[in-house]
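S.K.: Input file: work-v6.pdb. Contents: PDB, C-alpha atoms, pLDDT in the B column.
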MODEL        1
ATOM      1  CA  MET A1117       0.000   0.000   0.000  1.00 52.00           C
ATOM      2  CA  THR A1118       2.876   2.380   0.730  1.00 63.00           C
ATOM      3  CA  LEU A1119       4.363   1.780  -2.719  1.00 59.00           C
ATOM      4  CA  ARG A1120       0.988   2.533  -4.292  1.00 62.00           C
ATOM      5  CA  LYS A1121       0.717   5.821  -2.359  1.00 56.00           C
ATOM      6  CA  SER A1122       4.280   6.713  -3.332  1.00 59.00           C
ATOM      7  CA  ILE A1123       3.610   6.112  -7.038  1.00 58.00           C
ATOM      8  CA  SER A1124       0.317   8.018  -6.872  1.00 53.00           C
ATOM      9  CA  TYR A1125       1.993  10.924  -5.108  1.00 55.00           C
ATOM     10  CA  THR A1126       4.844  10.983  -7.661  1.00 58.00           C
ATOM     11  CA  LEU A1127       2.395  10.946 -10.584  1.00 53.00           C
ATOM     12  CA  PHE A1128       0.412  13.760  -8.959  1.00 51.00           C
ATOM     13  CA  ILE A1129       3.571  15.884  -8.672  1.00 57.00           C
ATOM     14  CA  VAL A1130       4.699  15.140 -12.244  1.00 50.00           C
ATOM     15  CA  LEU A1131       1.268  15.982 -13.646  1.00 50.00           C
ATOM     16  CA  GLY A1132       1.235  19.199 -11.612  1.00 51.00           C
ATOM     17  CA  ILE A1133       4.621  20.215 -13.004  1.00 51.00           C
ATOM     18  CA  ILE A1134       3.599  19.400 -16.563  1.00 48.00           C
ATOM     19  CA  SER A1135       0.327  21.314 -16.291  1.00 46.00           C
ATOM     20  CA  CYS A1136       2.132  24.357 -14.859  1.00 51.00           C
ATOM     21  CA  SER A1137       4.839  24.440 -17.509  1.00 52.00           C
ATOM     22  CA  LYS A1138       4.590  27.386 -19.861  1.00 70.00           C
ATOM     23  CA  THR A1139       3.960  26.711 -23.523  1.00 85.00           C
ATOM     24  CA  PRO A1140       6.442  28.755 -25.567  1.00 90.00           C
ATOM     25  CA  LYS A1141       4.966  31.508 -27.707  1.00 91.00           C
ATOM     26  CA  ALA A1142       6.193  32.740 -31.071  1.00 92.00           C
ATOM     27  CA  ASN A1143       7.541  36.022 -29.664  1.00 94.00           C
ATOM     28  CA  ASP A1144       9.032  34.834 -26.344  1.00 94.00           C
ATOM     29  CA  GLU A1145      12.624  35.250 -27.524  1.00 95.00           C
ATOM     30  CA  PHE A1146      11.904  38.725 -28.904  1.00 94.00           C
ATOM     31  CA  ARG A1147      10.143  39.750 -25.679  1.00 93.00           C
ATOM     32  CA  ASN A1148      12.916  38.401 -23.458  1.00 92.00           C
ATOM     33  CA  THR A1149      15.897  39.718 -25.405  1.00 92.00           C
ATOM     34  CA  VAL A1150      14.567  43.054 -26.664  1.00 92.00           C
ATOM     35  CA  VAL A1151      11.161  44.220 -25.467  1.00 91.00           C
ATOM     36  CA  SER A1152      11.847  43.579 -21.785  1.00 88.00           C
ATOM     37  CA  LYS A1153      14.841  45.940 -21.988  1.00 89.00           C
ATOM     38  CA  MET A1154      13.124  48.799 -23.810  1.00 86.00           C
ATOM     39  CA  ASN A1155      12.797  52.101 -21.988  1.00 86.00           C
ATOM     40  CA  PHE A1156       9.532  53.339 -23.449  1.00 84.00           C
ATOM     41  CA  HIS A1157       6.575  54.699 -21.514  1.00 88.00           C
ATOM     42  CA  GLN A1158       4.522  51.973 -19.848  1.00 89.00           C
ATOM     43  CA  ASP A1159       1.462  52.656 -22.046  1.00 91.00           C
ATOM     44  CA  THR A1160       3.569  52.281 -25.178  1.00 90.00           C
ATOM     45  CA  LEU A1161       5.059  49.010 -23.960  1.00 89.00           C
ATOM     46  CA  GLN A1162       1.587  47.761 -23.106  1.00 91.00           C
ATOM     47  CA  VAL A1163       0.380  48.464 -26.661  1.00 92.00           C
ATOM     48  CA  PHE A1164       3.475  46.748 -28.065  1.00 91.00           C
ATOM     49  CA  ASN A1165       2.969  43.692 -25.848  1.00 92.00           C
ATOM     50  CA  GLN A1166      -0.724  43.499 -26.775  1.00 93.00           C
ATOM     51  CA  PHE A1167       0.309  43.563 -30.419  1.00 94.00           C
ATOM     52  CA  LEU A1168       2.775  40.728 -29.778  1.00 95.00           C
ATOM     53  CA  ASP A1169      -0.032  38.807 -28.040  1.00 94.00           C
ATOM     54  CA  GLN A1170      -2.111  39.155 -31.214  1.00 93.00           C
ATOM     55  CA  LEU A1171       0.801  37.827 -33.272  1.00 95.00           C
ATOM     56  CA  ASP A1172       1.368  35.000 -30.765  1.00 95.00           C
ATOM     57  CA  SER A1173      -2.266  33.940 -31.152  1.00 93.00           C
ATOM     58  CA  LYS A1174      -1.579  33.435 -34.871  1.00 94.00           C
ATOM     59  CA  ASN A1175       1.853  31.872 -34.195  1.00 94.00           C
ATOM     60  CA  LYS A1176       3.584  34.708 -36.097  1.00 95.00           C
ATOM     61  CA  THR A1177       6.845  36.213 -34.965  1.00 96.00           C
ATOM     62  CA  PHE A1178       7.348  39.956 -35.043  1.00 96.00           C
ATOM     63  CA  GLY A1179      10.086  39.382 -37.634  1.00 96.00           C
ATOM     64  CA  ASP A1180       7.697  37.471 -39.894  1.00 96.00           C
ATOM     65  CA  TYR A1181       5.158  40.283 -39.514  1.00 96.00           C
ATOM     66  CA  TYR A1182       7.780  42.935 -40.279  1.00 95.00           C
ATOM     67  CA  ILE A1183       9.051  41.117 -43.368  1.00 96.00           C
ATOM     68  CA  LYS A1184       5.505  40.581 -44.667  1.00 95.00           C
ATOM     69  CA  THR A1185       4.429  44.202 -44.182  1.00 93.00           C
ATOM     70  CA  HIS A1186       7.665  45.986 -45.093  1.00 91.00           C
ATOM     71  CA  ARG A1187       9.157  43.739 -47.725  1.00 91.00           C
ATOM     72  CA  ASP A1188       6.741  41.262 -49.257  1.00 92.00           C
ATOM     73  CA  ILE A1189       3.678  43.480 -49.576  1.00 93.00           C
ATOM     74  CA  GLN A1190       5.634  46.583 -50.595  1.00 87.00           C
ATOM     75  CA  ASP A1191       7.692  44.656 -53.160  1.00 87.00           C
ATOM     76  CA  SER A1192       4.622  43.028 -54.693  1.00 89.00           C
ATOM     77  CA  CYS A1193       2.850  46.393 -54.936  1.00 87.00           C
ATOM     78  CA  ASP A1194       5.947  47.915 -56.570  1.00 83.00           C
ATOM     79  CA  LYS A1195       5.848  45.073 -59.124  1.00 85.00           C
ATOM     80  CA  VAL A1196       2.208  45.827 -59.897  1.00 83.00           C
ATOM     81  CA  LEU A1197       3.127  49.452 -60.632  1.00 80.00           C
ATOM     82  CA  ALA A1198       6.221  48.365 -62.596  1.00 79.00           C
ATOM     83  CA  ALA A1199       4.031  46.220 -64.859  1.00 80.00           C
ATOM     84  CA  LYS A1200       2.627  49.468 -66.226  1.00 74.00           C
ATOM     85  CA  TYR A1201       6.053  50.312 -67.724  1.00 71.00           C
ATOM     86  CA  GLU A1202       8.725  48.652 -69.767  1.00 65.00           C
ATOM     87  CA  PRO A1203      10.940  46.768 -67.260  1.00 63.00           C
ATOM     88  CA  GLU A1204      14.084  48.824 -67.888  1.00 61.00           C
ATOM     89  CA  TYR A1205      12.143  52.088 -68.083  1.00 58.00           C
ATOM     90  CA  PHE A1206      10.409  51.668 -64.704  1.00 57.00           C
ATOM     91  CA  VAL A1207      13.638  52.191 -62.741  1.00 55.00           C
ATOM     92  CA  TYR A1208      14.306  55.541 -64.417  1.00 55.00           C
ATOM     93  CA  ASN A1209      10.748  56.754 -64.713  1.00 66.00           C
ATOM     94  CA  ASN A1210       9.692  59.949 -62.997  1.00 71.00           C
ATOM     95  CA  HIS A1211       6.485  58.679 -61.500  1.00 73.00           C
ATOM     96  CA  THR A1212       3.385  60.759 -61.830  1.00 80.00           C
ATOM     97  CA  PRO A1213       1.244  61.746 -58.851  1.00 86.00           C
ATOM     98  CA  GLU A1214      -1.275  59.228 -60.162  1.00 87.00           C
ATOM     99  CA  ASP A1215       1.396  56.506 -59.935  1.00 84.00           C
ATOM    100  CA  PHE A1216       2.061  57.359 -56.308  1.00 85.00           C
ATOM    101  CA  ASP A1217      -1.667  57.457 -55.535  1.00 90.00           C
ATOM    102  CA  PHE A1218      -2.124  54.065 -57.207  1.00 89.00           C
ATOM    103  CA  LEU A1219       0.837  52.584 -55.336  1.00 87.00           C
ATOM    104  CA  HIS A1220      -0.471  53.945 -52.029  1.00 91.00           C
ATOM    105  CA  LYS A1221      -3.965  52.605 -52.709  1.00 93.00           C
ATOM    106  CA  ILE A1222      -2.896  49.054 -53.548  1.00 92.00           C
ATOM    107  CA  THR A1223      -0.389  48.976 -50.678  1.00 92.00           C
ATOM    108  CA  VAL A1224      -3.021  50.050 -48.139  1.00 93.00           C
ATOM    109  CA  GLN A1225      -5.472  47.502 -49.536  1.00 94.00           C
ATOM    110  CA  SER A1226      -2.884  44.723 -49.307  1.00 94.00           C
ATOM    111  CA  LEU A1227      -1.889  45.688 -45.765  1.00 93.00           C
ATOM    112  CA  ASN A1228      -5.525  45.859 -44.653  1.00 93.00           C
ATOM    113  CA  THR A1229      -6.146  42.400 -46.096  1.00 94.00           C
ATOM    114  CA  TYR A1230      -3.137  41.063 -44.179  1.00 94.00           C
ATOM    115  CA  TYR A1231      -4.204  42.784 -40.939  1.00 93.00           C
ATOM    116  CA  LYS A1232      -7.700  41.349 -41.301  1.00 93.00           C
ATOM    117  CA  LYS A1233      -6.259  37.872 -41.861  1.00 92.00           C
ATOM    118  CA  LEU A1234      -4.208  38.169 -38.658  1.00 90.00           C
ATOM    119  CA  ASP A1235      -7.076  39.880 -36.817  1.00 89.00           C
ATOM    120  CA  ILE A1236      -4.785  42.779 -35.876  1.00 86.00           C
ATOM    121  CA  ASP A1237      -6.119  45.920 -34.243  1.00 84.00           C
ATOM    122  CA  THR A1238      -5.010  48.456 -36.859  1.00 87.00           C
ATOM    123  CA  SER A1239      -5.488  51.392 -34.496  1.00 89.00           C
ATOM    124  CA  LYS A1240      -2.246  50.295 -32.826  1.00 86.00           C
ATOM    125  CA  VAL A1241      -0.171  49.808 -35.983  1.00 91.00           C
ATOM    126  CA  TYR A1242       1.156  53.380 -36.005  1.00 91.00           C
ATOM    127  CA  THR A1243       2.394  52.971 -32.442  1.00 91.00           C
ATOM    128  CA  ILE A1244       4.078  49.705 -33.415  1.00 93.00           C
ATOM    129  CA  GLU A1245       5.733  51.414 -36.394  1.00 92.00           C
ATOM    130  CA  TRP A1246       6.898  54.290 -34.207  1.00 91.00           C
ATOM    131  CA  VAL A1247       8.346  51.937 -31.562  1.00 91.00           C
ATOM    132  CA  THR A1248      10.103  49.865 -34.212  1.00 93.00           C
ATOM    133  CA  ASN A1249      11.541  52.888 -36.018  1.00 90.00           C
ATOM    134  CA  SER A1250      12.685  54.574 -32.792  1.00 89.00           C
ATOM    135  CA  SER A1251      14.356  51.548 -31.282  1.00 91.00           C
ATOM    136  CA  PRO A1252      17.839  50.665 -32.472  1.00 93.00           C
ATOM    137  CA  ASP A1253      17.569  47.493 -30.365  1.00 94.00           C
ATOM    138  CA  ILE A1254      14.549  46.249 -32.323  1.00 95.00           C
ATOM    139  CA  LYS A1255      16.244  47.039 -35.637  1.00 94.00           C
ATOM    140  CA  LYS A1256      19.453  45.307 -34.492  1.00 95.00           C
ATOM    141  CA  TYR A1257      17.450  42.242 -33.490  1.00 96.00           C
ATOM    142  CA  LEU A1258      15.657  42.148 -36.848  1.00 96.00           C
ATOM    143  CA  ASN A1259      18.957  42.624 -38.682  1.00 95.00           C
ATOM    144  CA  GLN A1260      20.696  39.844 -36.768  1.00 95.00           C
ATOM    145  CA  LYS A1261      17.816  37.358 -36.685  1.00 95.00           C
ATOM    146  CA  TYR A1262      16.423  37.942 -40.187  1.00 94.00           C
ATOM    147  CA  GLY A1263      19.306  39.575 -42.077  1.00 93.00           C
ATOM    148  CA  LEU A1264      17.229  42.621 -42.988  1.00 90.00           C
ATOM    149  CA  GLY A1265      19.928  45.296 -43.157  1.00 89.00           C
ATOM    150  CA  LEU A1266      17.763  47.997 -41.573  1.00 88.00           C
ATOM    151  CA  PHE A1267      19.454  51.388 -41.272  1.00 89.00           C
ATOM    152  CA  ILE A1268      20.381  52.286 -37.698  1.00 89.00           C
ATOM    153  CA  PRO A1269      21.458  55.946 -37.482  1.00 84.00           C
ATOM    154  CA  GLU A1270      22.826  55.457 -33.971  1.00 82.00           C
ATOM    155  CA  ASP A1271      25.429  53.031 -35.349  1.00 81.00           C
ATOM    156  CA  GLN A1272      26.761  55.501 -37.921  1.00 79.00           C
ATOM    157  CA  PRO A1273      29.964  57.377 -37.108  1.00 78.00           C
ATOM    158  CA  HIS A1274      29.374  61.023 -36.391  1.00 69.00           C
ATOM    159  CA  ASP A1275      31.404  63.609 -38.248  1.00 56.00           C
ATOM    160  CA  ALA A1276      34.185  64.954 -36.129  1.00 43.00           C
ATOM    161  CA  VAL A1277      33.700  68.563 -35.104  1.00 46.00           C
ATOM    162  CA  LYS A1278      36.445  70.713 -36.598  1.00 45.00           C
TER     163      LYS A1278
ENDMDL
END
Please express the file's structure as structure tokens.

M.R.:
Amino acid sequence: MTLRKSISYTLFIVLGIISCSKTPKANDEFRNTVVSKMNFHQDTLQVFNQFLDQLDSKNKTFGDYYIKTHRDIQDSCDKVLAAKYEPEYFVYNNHTPEDFDFLHKITVQSLNTYYKKLDIDTSKVYTIEWVTNSSPDIKKYLNQKYGLGLFIPEDQPHDAVK
């Protein structure tokens, strides 16, 4: 009977440990290495963390989101506009205001479709963009983890004062 109690007690403890263990989320590494060290206002960090929660619910990393919104969608929209011109002429073309309006329209439509697919609260996107653009740590993380080559002004040598 003592052996039976011992085994039951051990199983109870093991099941308790397993049920309490945290399931990793898509953005845990990003949160732990970057976001937790950011010195933004608490409200701003709360918005950023809520955004990461939304991405976690879709199992999307912040890097995947950034690449999709800043590279994939923008590049595909540029290709749509380029199709209007001869391939070699597009690079040198002085785009008309109508071209820029068209590019803006299809980019916004594509982004909105992506946001809807991820069920992202778009009222927070501008805050997310601001945090990302103002944080050299986020850009460094994205550069190192995803090889993006984002420009980080803080890493540029300053001209010596003469």

S.K.: Using the chain letters and residue numbers of this document, give as JSON, numbers by chain the residues selected by the PyMOL selection byres ((chain A and resi 1173-1181) around 12).

M.R.: {"A": [1140, 1141, 1142, 1143, 1144, 1145, 1146, 1147, 1150, 1151, 1164, 1165, 1166, 1167, 1168, 1169, 1170, 1171, 1172, 1182, 1183, 1184, 1185, 1186, 1187, 1188, 1189, 1227, 1230, 1231, 1232, 1233, 1234, 1235, 1236, 1241, 1244, 1245, 1248, 1254, 1255, 1256, 1257, 1258, 1259, 1260, 1261, 1262, 1263, 1264]}

S.K.: Restricted to C-alpha atoms, what would the selected residues look like written as a PDB file, in the frame of the given file?

M.R.:
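New file again_0.pdb:
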ATOM      1  CA  PRO A1140       6.442  28.755 -25.567  1.00 90.00           C
ATOM      2  CA  LYS A1141       4.966  31.508 -27.707  1.00 91.00           C
ATOM      3  CA  ALA A1142       6.193  32.740 -31.071  1.00 92.00           C
ATOM      4  CA  ASN A1143       7.541  36.022 -29.664  1.00 94.00           C
ATOM      5  CA  ASP A1144       9.032  34.834 -26.344  1.00 94.00           C
ATOM      6  CA  GLU A1145      12.624  35.250 -27.524  1.00 95.00           C
ATOM      7  CA  PHE A1146      11.904  38.725 -28.904  1.00 94.00           C
ATOM      8  CA  ARG A1147      10.143  39.750 -25.679  1.00 93.00           C
ATOM      9  CA  VAL A1150      14.567  43.054 -26.664  1.00 92.00           C
ATOM     10  CA  VAL A1151      11.161  44.220 -25.467  1.00 91.00           C
ATOM     11  CA  PHE A1164       3.475  46.748 -28.065  1.00 91.00           C
ATOM     12  CA  ASN A1165       2.969  43.692 -25.848  1.00 92.00           C
ATOM     13  CA  GLN A1166      -0.724  43.499 -26.775  1.00 93.00           C
ATOM     14  CA  PHE A1167       0.309  43.563 -30.419  1.00 94.00           C
ATOM     15  CA  LEU A1168       2.775  40.728 -29.778  1.00 95.00           C
ATOM     16  CA  ASP A1169      -0.032  38.807 -28.040  1.00 94.00           C
ATOM     17  CA  GLN A1170      -2.111  39.155 -31.214  1.00 93.00           C
ATOM     18  CA  LEU A1171       0.801  37.827 -33.272  1.00 95.00           C
ATOM     19  CA  ASP A1172       1.368  35.000 -30.765  1.00 95.00           C
ATOM     20  CA  TYR A1182       7.780  42.935 -40.279  1.00 95.00           C
ATOM     21  CA  ILE A1183       9.051  41.117 -43.368  1.00 96.00           C
ATOM     22  CA  LYS A1184       5.505  40.581 -44.667  1.00 95.00           C
ATOM     23  CA  THR A1185       4.429  44.202 -44.182  1.00 93.00           C
ATOM     24  CA  HIS A1186       7.665  45.986 -45.093  1.00 91.00           C
ATOM     25  CA  ARG A1187       9.157  43.739 -47.725  1.00 91.00           C
ATOM     26  CA  ASP A1188       6.741  41.262 -49.257  1.00 92.00           C
ATOM     27  CA  ILE A1189       3.678  43.480 -49.576  1.00 93.00           C
ATOM     28  CA  LEU A1227      -1.889  45.688 -45.765  1.00 93.00           C
ATOM     29  CA  TYR A1230      -3.137  41.063 -44.179  1.00 94.00           C
ATOM     30  CA  TYR A1231      -4.204  42.784 -40.939  1.00 93.00           C
ATOM     31  CA  LYS A1232      -7.700  41.349 -41.301  1.00 93.00           C
ATOM     32  CA  LYS A1233      -6.259  37.872 -41.861  1.00 92.00           C
ATOM     33  CA  LEU A1234      -4.208  38.169 -38.658  1.00 90.00           C
ATOM     34  CA  ASP A1235      -7.076  39.880 -36.817  1.00 89.00           C
ATOM     35  CA  ILE A1236      -4.785  42.779 -35.876  1.00 86.00           C
ATOM     36  CA  VAL A1241      -0.171  49.808 -35.983  1.00 91.00           C
ATOM     37  CA  ILE A1244       4.078  49.705 -33.415  1.00 93.00           C
ATOM     38  CA  GLU A1245       5.733  51.414 -36.394  1.00 92.00           C
ATOM     39  CA  THR A1248      10.103  49.865 -34.212  1.00 93.00           C
ATOM     40  CA  ILE A1254      14.549  46.249 -32.323  1.00 95.00           C
ATOM     41  CA  LYS A1255      16.244  47.039 -35.637  1.00 94.00           C
ATOM     42  CA  LYS A1256      19.453  45.307 -34.492  1.00 95.00           C
ATOM     43  CA  TYR A1257      17.450  42.242 -33.490  1.00 96.00           C
ATOM     44  CA  LEU A1258      15.657  42.148 -36.848  1.00 96.00           C
ATOM     45  CA  ASN A1259      18.957  42.624 -38.682  1.00 95.00           C
ATOM     46  CA  GLN A1260      20.696  39.844 -36.768  1.00 95.00           C
ATOM     47  CA  LYS A1261      17.816  37.358 -36.685  1.00 95.00           C
ATOM     48  CA  TYR A1262      16.423  37.942 -40.187  1.00 94.00           C
ATOM     49  CA  GLY A1263      19.306  39.575 -42.077  1.00 93.00           C
ATOM     50  CA  LEU A1264      17.229  42.621 -42.988  1.00 90.00           C
TER      51      LEU A1264
END

S.K.: Per residue of range 1182-1267 of chain A within 10 Å of range 1158-1161 of chain A, which atom pair is closest and at what distance in Å (one decimal), using all atoms listed in the file, listed by chain and increasing number, as a Markdown table?

M.R.:
| residue | atom | partner | partner_atom | distance |
| --- | --- | --- | --- | --- |
| A:Lys1240 | CA | A:Thr1160 | CA | 9.8 |
| A:Thr1243 | CA | A:Thr1160 | CA | 7.4 |
| A:Ile1244 | CA | A:Thr1160 | CA | 8.6 |
| A:Trp1246 | CA | A:Thr1160 | CA | 9.8 |
| A:Val1247 | CA | A:Thr1160 | CA | 8.0 |

S.K.: Quick one: distance from CA of Asp1215 in chain A to CA of Leu1197 in chain A in Å, one decimal?

M.R.: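 Between CA of Asp1215 in chain A and CA of Leu1197 in chain A the gap is 7.3 Å.
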
S.K.: Suppose you want the space between CA of Asn1228 in chain A and CA of Asn1249 in chain A; what is it in Å?

M.R.: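 CA of Asn1249 in chain A lies 20.4 Å from CA of Asn1228 in chain A.
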
S.K.: Separation of CA of Thr1149 in chain A and CA of Gln1162 in chain A, in Å?

M.R.: 16.6 Å
